[in-house]
Amino acid sequence: MLQTFFYSLADILLTFNAMSNPVENSKILLQICWACCLGLLIATALQIIFFSPISPDLLELPPASSSSVSPPNNQLQRVTKLGEGLLKGPEDVVVGEHGVLYTATRDGWIRRLHSNGSWENWKRLHSETLLGITAAKGGGLIVCDCDKGLLKITEDGITVLASHFAGSQIRFADDVIEASDGSLYFSVGSTKFNLNDWYLDVLEAKPHGQLLKYDPSTGQTSMVLDGLCFANGVALSKDEDYLVVCETWRFRCLKYWLKGETKGQTEIFIDNLPAGPDNINLAPDGSFWIALIRMNSEGMEFVHTSKALKHVIANFPRLTKLVNGASKRATVINVDADGNINKRFDDPNGLVISFVTSAVEFEDHLYLGSLSADFIGKLPLK
Ligand SMILES: *[C@@H]1O[C@H](CO)[C@@H](O)[C@H](O)[C@H]1NC(C)=O
Ligand SMILES: [Ca+2]
């Protein structure tokens with residue numbers, strides 16, 4: 001098709017050269033213009049169809065208002081900002097020994113806040129893709145690095161615990177939790193896309209997520225759950241009888257039983273969430289805090305109902321930004337052990353904080369991580 005186009009363009013140009021009549025010339029110029037436009041259109045269509053980075057399915061977004069969830073409020077606009085300007089996109093937050101708060105930022109630093117209020121640049125990992133972190137029982141931190149896998153960081157240095165699974169490199173390690181027997185349960189957001197392309201996984205809407213388990217006694221990694229729709233936050237229940245894993249663009253979290261008669265079985269913990277669940281953390285009372293991220297900008301919902309449109313959007317990163325609404329709002333919910341929503345906090349237009357990815361409760365305050373903030377949000381709960 002393109003060849004024919006170029007041949008006819010060459011024909012026109014040759015004729016143009018041979019002619020000298022100005023009226024005829026302007027006619028031919030017009031023809032050339034049309035041919036160029038047509039050519040551009042054809043080339044774009046070919047690019048979109050044949051070189052599309054995705055092979056999409058349709059995605060059903062949650063209804064604008066659901067009766068089981070209260071409407072948005074502006075409670076998150078009350079947050080105070082910790083480490084403002086110092087922390088670039090602190091995705092996850094964890095409170096370790098002696099009440100020291102840790103976070104991993106886009107510049108590869110693990111920074112910590114001492115109880116006397118001073119920040120310390122603790123360890124540098126030379127990575128821009130650090131996501132979920134958890135405090136290791138014997139001291140130190142376990143860190144998910146999308147590029148390198150599962151890492152352990154102590155005062156002494158950095159160890160790679162798991163970098164490969166079933167013969168392939170572990171990409172997009174997203175969140176991790178340590179059980180009291182030392183097992184590490186961690187999620188892989190997508191086996192197909194990278195952190196920078198995470199929205200392509202949403203557009204493709206095919207289940208490329210996994211939940212893996214790392215056994216420290218053997219150093220082996222095994223599969224717990226496969227075919228998850230963007231596996232994200234992982235949390236253990238208070239008694240460690242089950243774990244919860246979030247499926248972001250499925251707008252639900254699954255409960256996977258670790259003990260008892262139903263051991264090894266999976267059921268729905270909570271579904272029909274008003275936005276995509278990111279990280280989940282156990283609260284001191286046995287409930288869970290879940291950060292919800294918007295999957296679409298207002299008025300852009302139609303993109304998710306058309307495969308052709310998804311191809312177009314996926315080809316142009318700027319359009320992806322327009323469709324993705326994560327940076328325009330923040331929502332955090334508290335869910336009891338039976339999967340009922342107790343509380344909801346929002347910044348409905350992202351005025352103070354947006355794209356909140358994690359919420360951790362510690363001493364009657366909620367600490368909030370975000371991929372678009374340069375601080376950690378602190379919200380009093382009483
Ligand atoms: C705060 O505590 C840390 C850790 O104990 C210490 O290294 C630091 O010097 C303290 N900073 C101030 C300002 O007291
Ligand atoms: Ca996450």
# chains A, B, ... in the order shown; residues from 1 in each chain; ligands from 1
>>> residues_near_ligand(ligand="ligand 2", cutoff="8 Å", atoms="only C-alpha atoms and all ligand atoms", output="NGL selection string")
:A and (91-92 or 131-132 or 174-175 or 232-233 or 278-279 or 357-358)
>>> write_last_selection(atoms="N, CA and C atoms", output="mmCIF file, in the first residue's frame")
data_model
loop_
_atom_site.group_PDB
_atom_site.id
_atom_site.type_symbol
_atom_site.label_atom_id
_atom_site.label_comp_id
_atom_site.auth_asym_id
_atom_site.auth_seq_id
_atom_site.Cartn_x
_atom_site.Cartn_y
_atom_site.Cartn_z
ATOM 1 N N GLU A 91 6.603 5.636 46.989
ATOM 2 C CA GLU A 91 5.470 4.737 46.699
ATOM 3 C C GLU A 91 4.974 4.015 47.932
ATOM 4 N N ASP A 92 5.916 3.553 48.775
ATOM 5 C CA ASP A 92 5.502 2.774 49.945
ATOM 6 C C ASP A 92 6.167 3.323 51.204
ATOM 7 N N LEU A 131 9.649 -0.123 44.617
ATOM 8 C CA LEU A 131 8.226 0.001 44.990
ATOM 9 C C LEU A 131 8.023 -0.461 46.435
ATOM 10 N N GLY A 132 7.309 -1.581 46.626
ATOM 11 C CA GLY A 132 6.929 -1.996 47.972
ATOM 12 C C GLY A 132 8.106 -2.341 48.867
ATOM 13 N N ASP A 174 6.325 -5.882 42.962
ATOM 14 C CA ASP A 174 5.527 -4.725 43.345
ATOM 15 C C ASP A 174 5.397 -4.526 44.854
ATOM 16 N N ASP A 175 4.994 -5.575 45.574
ATOM 17 C CA ASP A 175 4.841 -5.407 47.025
ATOM 18 C C ASP A 175 5.179 -6.718 47.718
ATOM 19 N N ASN A 232 -0.857 -6.390 43.057
ATOM 20 C CA ASN A 232 -0.268 -5.213 43.672
ATOM 21 C C ASN A 232 -0.040 -5.447 45.162
ATOM 22 N N GLY A 233 -0.709 -4.701 46.052
ATOM 23 C CA GLY A 233 -0.455 -4.815 47.485
ATOM 24 C C GLY A 233 -0.669 -6.226 48.022
ATOM 25 N N ASP A 278 -4.158 -0.366 45.279
ATOM 26 C CA ASP A 278 -2.696 -0.427 45.156
ATOM 27 C C ASP A 278 -2.165 -1.167 46.383
ATOM 28 N N ASN A 279 -1.446 -0.501 47.273
ATOM 29 C CA ASN A 279 -0.902 -1.220 48.428
ATOM 30 C C ASN A 279 -1.943 -1.384 49.525
ATOM 31 N N THR A 357 -0.557 5.746 46.975
ATOM 32 C CA THR A 357 -0.355 4.333 46.662
ATOM 33 C C THR A 357 -0.301 3.454 47.910
ATOM 34 N N SER A 358 -0.104 4.074 49.098
ATOM 35 C CA SER A 358 -0.076 3.260 50.308
ATOM 36 C C SER A 358 -0.469 4.069 51.530
#
>>> residues_around(residues="A:Pro277", least_positions_apart="2", cutoff="7 Å", atoms="only C-alpha atoms", output="VMD selection string")
chain A and resid 246 to 248 251 to 252 275 279 290 to 293
>>> write_last_selection(atoms="N, CA and C atoms", output="PDB file, in the first residue's frame")
ATOM      1  N   CYS A 246      -4.030  -7.570  46.163  1.00  0.00           N
ATOM      2  CA  CYS A 246      -4.885  -6.643  45.401  1.00  0.00           C
ATOM      3  C   CYS A 246      -4.709  -6.857  43.898  1.00  0.00           C
ATOM      4  N   GLU A 247      -5.812  -6.812  43.179  1.00  0.00           N
ATOM      5  CA  GLU A 247      -5.781  -6.861  41.709  1.00  0.00           C
ATOM      6  C   GLU A 247      -6.255  -5.502  41.206  1.00  0.00           C
ATOM      7  N   THR A 248      -5.289  -4.669  40.825  1.00  0.00           N
ATOM      8  CA  THR A 248      -5.581  -3.257  40.616  1.00  0.00           C
ATOM      9  C   THR A 248      -6.701  -2.988  39.613  1.00  0.00           C
ATOM     10  N   PHE A 251     -10.307  -4.100  40.260  1.00  0.00           N
ATOM     11  CA  PHE A 251     -11.023  -3.369  41.318  1.00  0.00           C
ATOM     12  C   PHE A 251     -11.455  -4.294  42.453  1.00  0.00           C
ATOM     13  N   ARG A 252     -10.545  -5.243  42.771  1.00  0.00           N
ATOM     14  CA  ARG A 252     -10.871  -6.170  43.859  1.00  0.00           C
ATOM     15  C   ARG A 252      -9.602  -6.670  44.537  1.00  0.00           C
ATOM     16  N   ALA A 275     -12.187   2.344  42.895  1.00  0.00           N
ATOM     17  CA  ALA A 275     -10.983   2.588  42.077  1.00  0.00           C
ATOM     18  C   ALA A 275     -10.045   1.406  42.289  1.00  0.00           C
ATOM     19  N   ASN A 279      -1.446  -0.501  47.273  1.00  0.00           N
ATOM     20  CA  ASN A 279      -0.902  -1.220  48.428  1.00  0.00           C
ATOM     21  C   ASN A 279      -1.943  -1.384  49.525  1.00  0.00           C
ATOM     22  N   ILE A 290      -6.324   0.345  52.532  1.00  0.00           N
ATOM     23  CA  ILE A 290      -6.058   0.127  51.105  1.00  0.00           C
ATOM     24  C   ILE A 290      -6.057   1.479  50.387  1.00  0.00           C
ATOM     25  N   ALA A 291      -4.986   1.744  49.627  1.00  0.00           N
ATOM     26  CA  ALA A 291      -4.938   2.954  48.794  1.00  0.00           C
ATOM     27  C   ALA A 291      -5.553   2.611  47.447  1.00  0.00           C
ATOM     28  N   LEU A 292      -6.433   3.485  46.964  1.00  0.00           N
ATOM     29  CA  LEU A 292      -7.103   3.239  45.680  1.00  0.00           C
ATOM     30  C   LEU A 292      -6.631   4.252  44.653  1.00  0.00           C
ATOM     31  N   ILE A 293      -6.277   3.767  43.466  1.00  0.00           N
ATOM     32  CA  ILE A 293      -5.850   4.711  42.421  1.00  0.00           C
ATOM     33  C   ILE A 293      -6.858   4.742  41.273  1.00  0.00           C
TER      34      ILE A 293
END
>>> residues_near_ligand(ligand="ligand 1", cutoff="6 Å", atoms="only C-alpha atoms and all ligand atoms", output="VMD selection string")
chain A and resid 114 116 118
>>> write_last_selection(atoms="N, CA and C atoms", output="tab-separated table (two decimals), in the first residue's frame")
chain	number	residue	atom	x	y	z
A	114	HIS	N	13.69	9.51	61.68
A	114	HIS	CA	13.86	9.11	63.07
A	114	HIS	C	12.77	9.75	63.94
A	116	ASN	N	13.02	11.53	66.38
A	116	ASN	CA	13.32	12.93	66.75
A	116	ASN	C	13.04	13.90	65.60
A	118	SER	N	14.29	13.86	62.43
A	118	SER	CA	15.32	14.12	61.40
A	118	SER	C	15.34	13.02	60.35
>>> closest_atom_pairs(of="stretch 252-321 of chain A", to="stretch 326-338 of chain A", cutoff="9 Å", atoms="only C-alpha atoms", output="Markdown table")
| residue | atom | partner | partner_atom | distance |
| --- | --- | --- | --- | --- |
| A:Phe269 | CA | A:Asp338 | CA | 7.3 |
| A:Ile270 | CA | A:Asp338 | CA | 8.4 |
| A:Ala275 | CA | A:Thr331 | CA | 8.2 |
| A:Ala283 | CA | A:Asn334 | CA | 8.7 |
| A:Asp285 | CA | A:Asp336 | CA | 9.0 |
| A:Gly286 | CA | A:Ala337 | CA | 6.6 |
| A:Ser287 | CA | A:Asp336 | CA | 4.3 |
| A:Phe288 | CA | A:Val335 | CA | 5.2 |
| A:Trp289 | CA | A:Asn334 | CA | 4.6 |
| A:Ile290 | CA | A:Ile333 | CA | 5.3 |
| A:Ala291 | CA | A:Val332 | CA | 4.5 |
| A:Leu292 | CA | A:Thr331 | CA | 5.3 |
| A:Ile293 | CA | A:Ala326 | CA | 5.5 |
| A:Arg294 | CA | A:Ala326 | CA | 4.6 |
| A:Met295 | CA | A:Ala326 | CA | 6.1 |
| A:Asn296 | CA | A:Ala326 | CA | 7.0 |
| A:Ser297 | CA | A:Lys328 | CA | 7.6 |
>>> residues_around(residues="A:Pro207", least_positions_apart="4", cutoff="7 Å", atoms="only C-alpha atoms", output="count of residues only")
4
>>> select_by_dssp(residues="stretch 68-118 of chain A", states="helix (DSSP H, G or I)", output="NGL selection string")
:A and (75-78 or 97-99)
>>> write_last_selection(atoms="C-alpha atoms", output="PDB file, in the first residue's frame")
ATOM      1  CA  GLN A  75     -10.448  14.390  54.530  1.00  0.00           C
ATOM      2  CA  LEU A  76      -7.074  13.797  52.850  1.00  0.00           C
ATOM      3  CA  GLN A  77      -6.695  17.531  52.287  1.00  0.00           C
ATOM      4  CA  ARG A  78      -5.927  17.729  56.036  1.00  0.00           C
ATOM      5  CA  GLU A  97      12.160  -0.895  64.796  1.00  0.00           C
ATOM      6  CA  HIS A  98      12.095   2.039  67.265  1.00  0.00           C
ATOM      7  CA  GLY A  99       9.290   3.703  65.273  1.00  0.00           C
TER       8      GLY A  99
END
>>> closest_residue(among="A:Asn340, A:Ser372, A:Ser183, A:Ser237", to="A:Asn281", atoms="only C-alpha atoms")
A:Ser237
>>> atom_distance(atom1="atom CA of A:Phe316", atom2="atom CA of A:Gly89")
23.5 Å
>>> residues_around(residues="A:Ala308", least_positions_apart="5", cutoff="9 Å", atoms="only C-alpha atoms", output="mmCIF file with N, CA and C atoms, in the first residue's frame")
data_model
loop_
_atom_site.group_PDB
_atom_site.id
_atom_site.type_symbol
_atom_site.label_atom_id
_atom_site.label_comp_id
_atom_site.auth_asym_id
_atom_site.auth_seq_id
_atom_site.Cartn_x
_atom_site.Cartn_y
_atom_site.Cartn_z
ATOM 1 N N ILE A 48 -0.160 1.996 13.956
ATOM 2 C CA ILE A 48 -1.029 1.703 15.095
ATOM 3 C C ILE A 48 -1.401 0.226 15.125
ATOM 4 N N ILE A 49 -1.740 -0.324 13.958
ATOM 5 C CA ILE A 49 -2.217 -1.706 13.940
ATOM 6 C C ILE A 49 -1.067 -2.697 14.113
ATOM 7 N N PRO A 56 -5.215 -5.678 23.154
ATOM 8 C CA PRO A 56 -6.154 -5.357 24.236
ATOM 9 C C PRO A 56 -7.446 -6.172 24.301
ATOM 10 N N VAL A 303 -12.603 5.149 26.401
ATOM 11 C CA VAL A 303 -11.391 4.529 25.841
ATOM 12 C C VAL A 303 -11.347 3.033 26.168
ATOM 13 N N ILE A 313 -4.294 4.964 21.679
ATOM 14 C CA ILE A 313 -3.752 5.549 22.918
ATOM 15 C C ILE A 313 -2.392 4.933 23.255
#
>>> closest_atom_pairs(of="stretch 102-188 of chain A", to="stretch 375-382 of chain A", cutoff="12 Å", atoms="only C-alpha atoms", output="JSON lines")
{"residue": "A:Tyr102", "atom": "CA", "partner": "A:Ile376", "partner_atom": "CA", "distance": 10.3}
{"residue": "A:Thr103", "atom": "CA", "partner": "A:Ile376", "partner_atom": "CA", "distance": 8.7}
{"residue": "A:Ala104", "atom": "CA", "partner": "A:Ile376", "partner_atom": "CA", "distance": 11.0}
{"residue": "A:Thr105", "atom": "CA", "partner": "A:Phe375", "partner_atom": "CA", "distance": 9.9}
{"residue": "A:Arg111", "atom": "CA", "partner": "A:Ile376", "partner_atom": "CA", "distance": 11.4}
{"residue": "A:Arg112", "atom": "CA", "partner": "A:Ile376", "partner_atom": "CA", "distance": 11.3}
{"residue": "A:Leu113", "atom": "CA", "partner": "A:Ile376", "partner_atom": "CA", "distance": 10.5}
{"residue": "A:Trp119", "atom": "CA", "partner": "A:Phe375", "partner_atom": "CA", "distance": 11.8}
>>> residues_around(residues="A:Leu211", least_positions_apart="6", cutoff="9 Å", atoms="only C-alpha atoms", output="count of residues only")
15
>>> select_by_dssp(residues="stretch 13-260 of chain A", states="strand (DSSP E)", output="ChimeraX atom specification")
/A:80-82,93-95,101-104,109-113,119-124,130-135,141-145,149-154,157-162,164-165,168-169,173-178,184-188,209-215,220-228,231-236,242-247,252-257
>>> atom_distance(atom1="atom CA of A:Ser370", atom2="atom CA of A:Pro90")
5.5 Å
>>> closest_residue(among="A:Glu301, A:Asp156, A:Asp201, A:Glu84", to="A:Pro62", atoms="only C-alpha atoms")
A:Glu301
